[in-house]
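Each remark here refers to the structure printed beneath this line.
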Amino acid sequence: MNIMAGDKCEFEETFSFSPVPSKKLPFLQDRETLELFMKWSMLGRISAQAYSFDQCFYPYSSDNFALCFFRDPNVVSSLGKMEAGAWVPLDKPVVSVAVEPVPCTKVSMALFDPIYSCGILRPSGHIVKCFHDVYPDYDELRQMLQEEDSEQYCLFGREERAELLFRLFKHLCVGGELCQYEDTVNPYISTTKKIYKDLISVQKDPETKKISVVSTVLKVCAYNESGRCYPGRQEEDQTFAYLIVDPFKRHVTLFYHSYGVGTFTL
């Protein structure tokens with residue numbers, strides 16, 4: 001859904017934001033993860049920034065929340081985007097946003113169980129290679145993730161593919177412009193788990209002991225007077241921005257990646 005800067009209704013909250021520099025997400029401090037980002041051509045192009053906000057958040061206010069976020073002076077002054085290999089600030093005011101609610105219900109990695117028993121992996125965990133007209137180094141895993149007419153595409157339905165957990169896995173498997181792809185699936189699975197665990201908030205029901213996700217996740221795109229400006233000027237599956245909102249702590253994390261050539265040094 002798109003919302004313009006002048007679209008606020010009479011009773012709508014105006015959210016204010018402040019960076020939380022003390023909240024460093026563990027996956028961005030983890031050497032093993034950073035080395036994999038480097039291998040996958042994502043290092044230096046992937047970021048996660050935490051902010052606090054001052055009003056109660058409800059999912060119905062998501063569009064207004066996102067617009068307030070990209071127009072907030074504290075966000076604008078601390079927010080960067082990748083252009084031509086360099087981090088640059090948002091140079092013009094954001095006038096509208098497009099917001100897509102992203103389902104986020106999974107609390108285990110069981111979502112990916114089907115890939116272990118359908119011919120995508122060898123018994124050793126190695127990913128089966130396959131021929132592709134365009135990509136010389138292709139495999140059954142990426143084919144299942146990207147090609148709608150592949151035999152294995154139907155392993156995951158539309159609802160499963162919409163989940164944040166699945167999206168993170170796909171983003172890592174596809175990688176950046178000079179990605180060196182893994183021979184086994186485990187690095188993708190373990191890194192997806194680390195990032196997901198760091199991004200989302202959960203709670204346990206005291207009676208049933210059941211764990212559930214409390215975060216609201218929004219895929220966001222911002223526009224200035226010249227058109228699309230964030231996460232990138234051009235639409236690209238691997239250039240993305242998600243707002244992950246913890247309504248209880250009143251924290252929001254902006255998780256961002258810009259497709260391109262990553263850095264080669266830690």
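Each chain of the structure tokens is named A, B, ... in the order shown, its residues numbered from 1; ligands are numbered from 1 in display order.
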- Item | Within 9 Å of Asp139 in chain A using only C-alpha atoms, minus same-chain residues under 4 positions, as a PyMOL selection string | chain A and resi 120+127-132+143-144
- Message: Among range 21-222 of chain A, which residues does DSSP mark as helix (DSSP H, G or I) when it is run on the backbone? Keep the chain and numbering as in the structure and answer as a ChimeraX atom specification.
- Response: /A:26-28,31-39,59-71,73-78,109-116,140-146,153-155,158-162,164-174,186-199
Give me the residues near Ala84 in chain A as a short mmCIF file (atom, residue, chain, number, x, y, z; two decimals) with N, CA and C atoms, in the first residue's frame, where near means some atom within 12 Å (using only C-alpha atoms) and where sequence neighbours in that chain fewer than 5 positions away do not count.
```
data_model
loop_
_atom_site.label_atom_id
_atom_site.label_comp_id
_atom_site.auth_asym_id
_atom_site.auth_seq_id
_atom_site.Cartn_x
_atom_site.Cartn_y
_atom_site.Cartn_z
N ARG A 45 27.42 -4.25 2.20
CA ARG A 45 26.19 -3.82 1.52
C ARG A 45 24.94 -4.22 2.31
N GLY A 232 16.57 1.25 -3.15
CA GLY A 232 17.36 1.53 -4.34
C GLY A 232 16.47 2.19 -5.38
N ARG A 233 17.08 2.82 -6.37
CA ARG A 233 16.30 3.49 -7.41
C ARG A 233 15.60 2.48 -8.32
N SER A 258 21.74 -3.94 -0.38
CA SER A 258 21.76 -3.40 -1.75
C SER A 258 22.57 -4.34 -2.63
N TYR A 259 21.95 -4.88 -3.66
CA TYR A 259 22.61 -5.84 -4.56
C TYR A 259 23.77 -5.18 -5.28
N GLY A 260 24.89 -5.89 -5.34
CA GLY A 260 26.07 -5.37 -6.04
C GLY A 260 27.30 -6.17 -5.65
N VAL A 261 28.45 -5.58 -5.81
CA VAL A 261 29.72 -6.24 -5.49
C VAL A 261 30.10 -5.88 -4.05
N GLY A 262 30.18 -6.89 -3.20
CA GLY A 262 30.53 -6.67 -1.80
C GLY A 262 32.01 -6.41 -1.61
#
```
Tell me, counting only C-alpha atoms, for each residue of range 38-63 of chain A within 12 Å of range 191-211 of chain A, which pair of atoms is nearest and how far apart they are in Å to one decimal, in rows ordered by chain and increasing number, as a Markdown table.
```
| residue | atom | partner | partner_atom | distance |
| --- | --- | --- | --- | --- |
| A:Trp40 | CA | A:Thr191 | CA | 11.8 |
| A:Ile46 | CA | A:Ile195 | CA | 11.6 |
| A:Ser47 | CA | A:Ile195 | CA | 11.3 |
| A:Ala48 | CA | A:Leu199 | CA | 8.7 |
| A:Gln49 | CA | A:Leu199 | CA | 10.4 |
| A:Ala50 | CA | A:Leu199 | CA | 9.8 |
```
- Distance query Met42 in chain A at most 12 Å, only C-alpha atoms, self and fewer than 2 positions along chain excluded, as JSON, numbers by chain: {"A": [28, 33, 34, 35, 36, 37, 38, 39, 40, 44, 45, 46, 47, 82, 85, 171, 172, 173, 174, 175, 176, 177, 178, 179, 180, 238, 239, 256, 257, 258, 259, 260, 261, 262, 263, 264, 265, 266]}
